[in-house]
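Structure record follows, encoded as structure tokens.
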Protein chains: 2
Amino acid sequence: MITKDISGYYQFYPCIVTLVGARRKDKVNFMAAAWNAGLSFRPPLFGVSIHPKRFTHDMIVDSEEFTCNFLSMEHIDIIHGTGRVSGRDYDKVKLFSIPLEKSKVINCPTIESAYAAYECKLVHRYPVGDHNFFVGKVVAVHYNKNVLTGKNLLNPEKINFSLYLGSNSYISADPDSVQIMPSEIEIPMPQ
Amino acid sequence: MITKDISGYYQFYPCIVTLVGARRKDKVNFMAAAWNAGLSFRPPLFGVSIHPKRFTHDMIVDSEEFTCNFLSMEHIDIIHGTGRVSGRDYDKVKLFSIPLEKSKVINCPTIESAYAAYECKLVHRYPVGDHNFFVGKVVAVHYNKNVLTGKNLLNPEKINFSLYLGSNSYISADPDSVQIMPSEIEIPMPQ
């Protein structure tokens, strides 16, 4: 069927959730964001779409930096929880017992239990409808080398990915479903 | 470990692949893009990061519209293939026997075998490092109602999602891994 009704706007899910970290003075906050994407290799840029009413939004505008933290399904309580309560009302770091790790380049911490995390400096903030799109330059990468394959891919045998399906639902990837395709495409006939 | 080396820049994978469709006169082209994200609810905006050297890039700049097509793992040859060859060299629609579906609002077709597809009108093109970020307003949604759950989520029992792990690797989601979390977070103590 063809419709103008986007319903839950869930057609492009599942999406990897990133926990966006921000800091203002002594306050550290994290929010779960499924609307994120890689943007550029050189320099490495990563983007997250954030509603201006989110507490994290103005913290990033003020500090001009943020972290993006990728947690496995074992930490689903933190992932879901940081998306459901506001840093205006709660100290989420205490509430969810989030273990912090000092960043190397920026002042905002990452999450120690993340299998990978980015330290980002804000380089653009672009208006996108009812959200703003924050573009960060990745200035440092935290990761556990043990979760990588030889090709520097994340290893699904080692990471139970937390993919958001929308609403309150999450799903993980199936390591047995991995398909490796050829680098060169077979062209059946000259054109 | 903490490093400045992004290696393959694969830390935020796996990502749902979208096949970005563009049209210029009679030429229709599709390219696979893993760097995509939801951006806004009202209006519904969807974004894709595209390198300026990609054939699709200028087709979208000229036509100011594009489609985003989501295909299941059964169509992995099309998904992987459209990411590996250029529309400059081949007619990918013929090469990969891509079944087209007429769009309702725009002139660029969607892919008939997609479980969901968006018709998008270009509303912004933002520079992001070595890529450009195309922001499209979703003006029509194509989908198969049979693949949705009661909550309008995509049903992993019905769709074999094609998630890109990077390099030549793809993975699907595991329907048995679905976790449904509570809407309300339990707050252990007043703060």
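Following the order of the structure tokens, chains are lettered A, B, ..., residues in each are numbered from 1, and ligands are numbered from 1.
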
What are the nearest atom pairs, with distances in Å to one decimal, for all residues of chain B that come at most 6 Å from chain A, using only C-alpha atoms, set out by chain and rising residue number as a tab-separated table?
```
residue	atom	partner	partner_atom	distance
B:Met1	CA	A:Tyr143	CA	5.5
B:Ile2	CA	A:His142	CA	4.4
B:Thr3	CA	A:Val141	CA	5.3
B:Lys4	CA	A:Ala140	CA	4.6
B:Tyr10	CA	A:Leu153	CA	5.9
B:Trp35	CA	A:Gly38	CA	5.2
B:Asn36	CA	A:Ala37	CA	5.7
B:Ala37	CA	A:Trp35	CA	5.3
B:Gly38	CA	A:Trp35	CA	5.2
B:Leu39	CA	A:Ser49	CA	5.5
B:Ser40	CA	A:Gly129	CA	5.4
B:Arg42	CA	A:Asp130	CA	6.0
B:Pro43	CA	A:Gly129	CA	5.9
B:Ser49	CA	A:Leu39	CA	5.5
B:Gly129	CA	A:Ser40	CA	5.4
B:Asp130	CA	A:Ser40	CA	5.5
B:His131	CA	A:Ser40	CA	5.5
B:Ala140	CA	A:Lys4	CA	4.6
B:Val141	CA	A:Thr3	CA	5.3
B:His142	CA	A:Ile2	CA	4.4
B:Tyr143	CA	A:Met1	CA	5.5
B:Leu153	CA	A:Tyr10	CA	5.9
B:Asn168	CA	A:Met181	CA	5.2
B:Ser169	CA	A:Ile180	CA	4.5
B:Tyr170	CA	A:Gln179	CA	5.2
B:Ile171	CA	A:Val178	CA	4.4
B:Ser172	CA	A:Ser177	CA	5.6
B:Ala173	CA	A:Ala173	CA	4.1
B:Asp174	CA	A:Asp174	CA	4.9
B:Ser177	CA	A:Ile171	CA	5.5
B:Val178	CA	A:Ile171	CA	4.4
B:Gln179	CA	A:Tyr170	CA	5.1
B:Ile180	CA	A:Ser169	CA	4.5
B:Met181	CA	A:Asn168	CA	5.2
```

Could you pull out the residues in region 22-186 of chain A that DSSP calls strand (DSSP E) from the backbone, as an MDAnalysis selection string? chainID A and resid 22:24 27:33 36:40 45:50 65:70 100:101 110:111 116:128 131:143 163:166 169:180

Distance in Å - CA of Glu112 (chain A) versus CA of Leu100 (chain A): 5.3 Å

Report, in Å with one decimal, the straight-line distance from CA of Val28 (chain B) to CA of Phe66 (chain B).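 Between CA of Val28 (chain B) and CA of Phe66 (chain B) the gap is 10.3 Å.
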
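The gap separating CA of Lys53 (chain B) from CA of Ala114 (chain B) is 26.1 Å, in Å to one decimal.
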
Region 5-190 of chain B: which residues are helix (DSSP H, G or I) by DSSP, as a list of chain:residue names?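 Helix (DSSP H, G or I) assignments inside region 5-190 of chain B correspond to B:Phe55, B:Thr56, B:His57, B:Asp58, B:Met59, B:Ile60, B:Val61, B:Asp62, B:Ser63, B:Met73, B:Glu74, B:His75, B:Ile76, B:Asp77, B:Ile78, B:Ile79, B:His80, B:Gly81, B:Thr82, B:Gly83, B:Arg84, B:Lys92, B:Val93, B:Lys94, B:Leu95, B:Lys145, B:Asn146, B:Val147.
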